[in-house]
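What follows is one structure encoded as C-alpha cells, with my remarks underneath.
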Amino acid sequence: IAAFQRELGQRLGRIRDHTDLIQIGNEAHALKSAALSFGAEPLGDLARDIEEHCRAGRSAEVRVGTRQLLLLGQAALRAISEWIERHRE
C-alpha cells in the first residue's frame, strides 16, 4: 500500500503540473490502473473519464475532471496515511 501511496502522490503531481492532454491522459491511464487494482474505484473511474476526455480533446472536461481528481486523490492520500499509521503498532 505504501507503493500505491507513493505512486498516487507522484501521478497527482504530474497531472496537476501538465497542460498537455496527451501527458495528462497517459498519467490518468496509469493512475486508473493502479487505483482500480487497489480497490479505489471512484478514483479509478474518474481517472478513466479524464483519460477518455483527453483522447477526445475535450480540454474543458479535462480541467473539471482534473480538479475533482486532485481533491479525491488528496483525500485518498490522507486515508492511506491514516491507515498506515494505525497499522504500524
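Chains: A, B, ... in order of the C-alpha cells. Residues: from 1 per chain. Ligands: from 1, in order shown.
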
> Hey, what's within 12 Å of A:Leu70 if we count only C-alpha atoms and toss same-chain stuff fewer than 3 positions away? As a PyMOL selection string, please?
Replying inline: chain A and resi 8-17+28+31+43+46-47+50+62-67+73-77

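Across the structure, atom CA of A:Glu82 and atom CA of A:Arg48 are spaced 26.1 Å apart.
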
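If only C-alpha atoms are the atoms counted, then among A:Ile80, A:Leu71, A:Ala60, A:Ile22 the closest residue to A:Arg6 is A:Ile80.
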
>> Rounded to one decimal, what separation in Å do you get between atom CA of A:Ser59 and atom CA of A:Glu7?
In response: 24.4 Å

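Rounded to one decimal, atom CA of A:Asn26 and atom CA of A:Glu51 lie 7.2 Å from each other.
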
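Using only C-alpha atoms for every distance, the candidate list A:Arg86, A:His18, A:Arg58, A:Leu72 yields A:Leu72 as the residue closest to A:Gly44.
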
>> I'd like the contact shell of A:Ile1 - 10 Å cut-off, only C-alpha atoms, skipping same-chain residues fewer than 2 positions apart - returned as a ChimeraX atom specification.
In response: /A:3-7,38,80-81,83-84

Written file, previous selection with N, CA and C atoms, as a PDB file, in the first residue's frame:
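The resulting file, result_20.pdb, is reproduced below:
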```pdb
ATOM      1  N   ALA A   3       3.580   1.609  -1.666  1.00  0.00           N
ATOM      2  CA  ALA A   3       3.968   1.843  -3.067  1.00  0.00           C
ATOM      3  C   ALA A   3       2.848   2.570  -3.812  1.00  0.00           C
ATOM      4  N   PHE A   4       1.605   2.168  -3.557  1.00  0.00           N
ATOM      5  CA  PHE A   4       0.472   2.849  -4.179  1.00  0.00           C
ATOM      6  C   PHE A   4       0.390   4.297  -3.699  1.00  0.00           C
ATOM      7  N   GLN A   5       0.647   4.512  -2.429  1.00  0.00           N
ATOM      8  CA  GLN A   5       0.632   5.861  -1.874  1.00  0.00           C
ATOM      9  C   GLN A   5       1.656   6.752  -2.582  1.00  0.00           C
ATOM     10  N   ARG A   6       2.871   6.236  -2.761  1.00  0.00           N
ATOM     11  CA  ARG A   6       3.917   6.994  -3.462  1.00  0.00           C
ATOM     12  C   ARG A   6       3.506   7.276  -4.906  1.00  0.00           C
ATOM     13  N   GLU A   7       3.049   6.224  -5.592  1.00  0.00           N
ATOM     14  CA  GLU A   7       2.663   6.387  -6.995  1.00  0.00           C
ATOM     15  C   GLU A   7       1.519   7.378  -7.143  1.00  0.00           C
ATOM     16  N   PHE A  38      -6.087  -1.419  -6.511  1.00  0.00           N
ATOM     17  CA  PHE A  38      -6.131  -1.295  -5.054  1.00  0.00           C
ATOM     18  C   PHE A  38      -7.547  -1.108  -4.527  1.00  0.00           C
ATOM     19  N   ILE A  80      -4.998   6.830   3.256  1.00  0.00           N
ATOM     20  CA  ILE A  80      -3.923   5.830   3.245  1.00  0.00           C
ATOM     21  C   ILE A  80      -2.931   6.116   4.365  1.00  0.00           C
ATOM     22  N   SER A  81      -2.555   7.377   4.536  1.00  0.00           N
ATOM     23  CA  SER A  81      -1.619   7.741   5.613  1.00  0.00           C
ATOM     24  C   SER A  81      -2.179   7.364   6.973  1.00  0.00           C
ATOM     25  N   TRP A  83      -4.395   5.026   7.586  1.00  0.00           N
ATOM     26  CA  TRP A  83      -4.427   3.571   7.682  1.00  0.00           C
ATOM     27  C   TRP A  83      -3.040   3.025   8.023  1.00  0.00           C
ATOM     28  N   ILE A  84      -2.030   3.531   7.346  1.00  0.00           N
ATOM     29  CA  ILE A  84      -0.667   3.076   7.613  1.00  0.00           C
ATOM     30  C   ILE A  84      -0.280   3.381   9.050  1.00  0.00           C
TER      31      ILE A  84
END
```

> Which of these, A:Leu69, A:Ala56, A:Ala40, A:Ala2, has the shortest distance to A:Glu27 once you count only C-alpha atoms?
Replying inline: A:Leu69
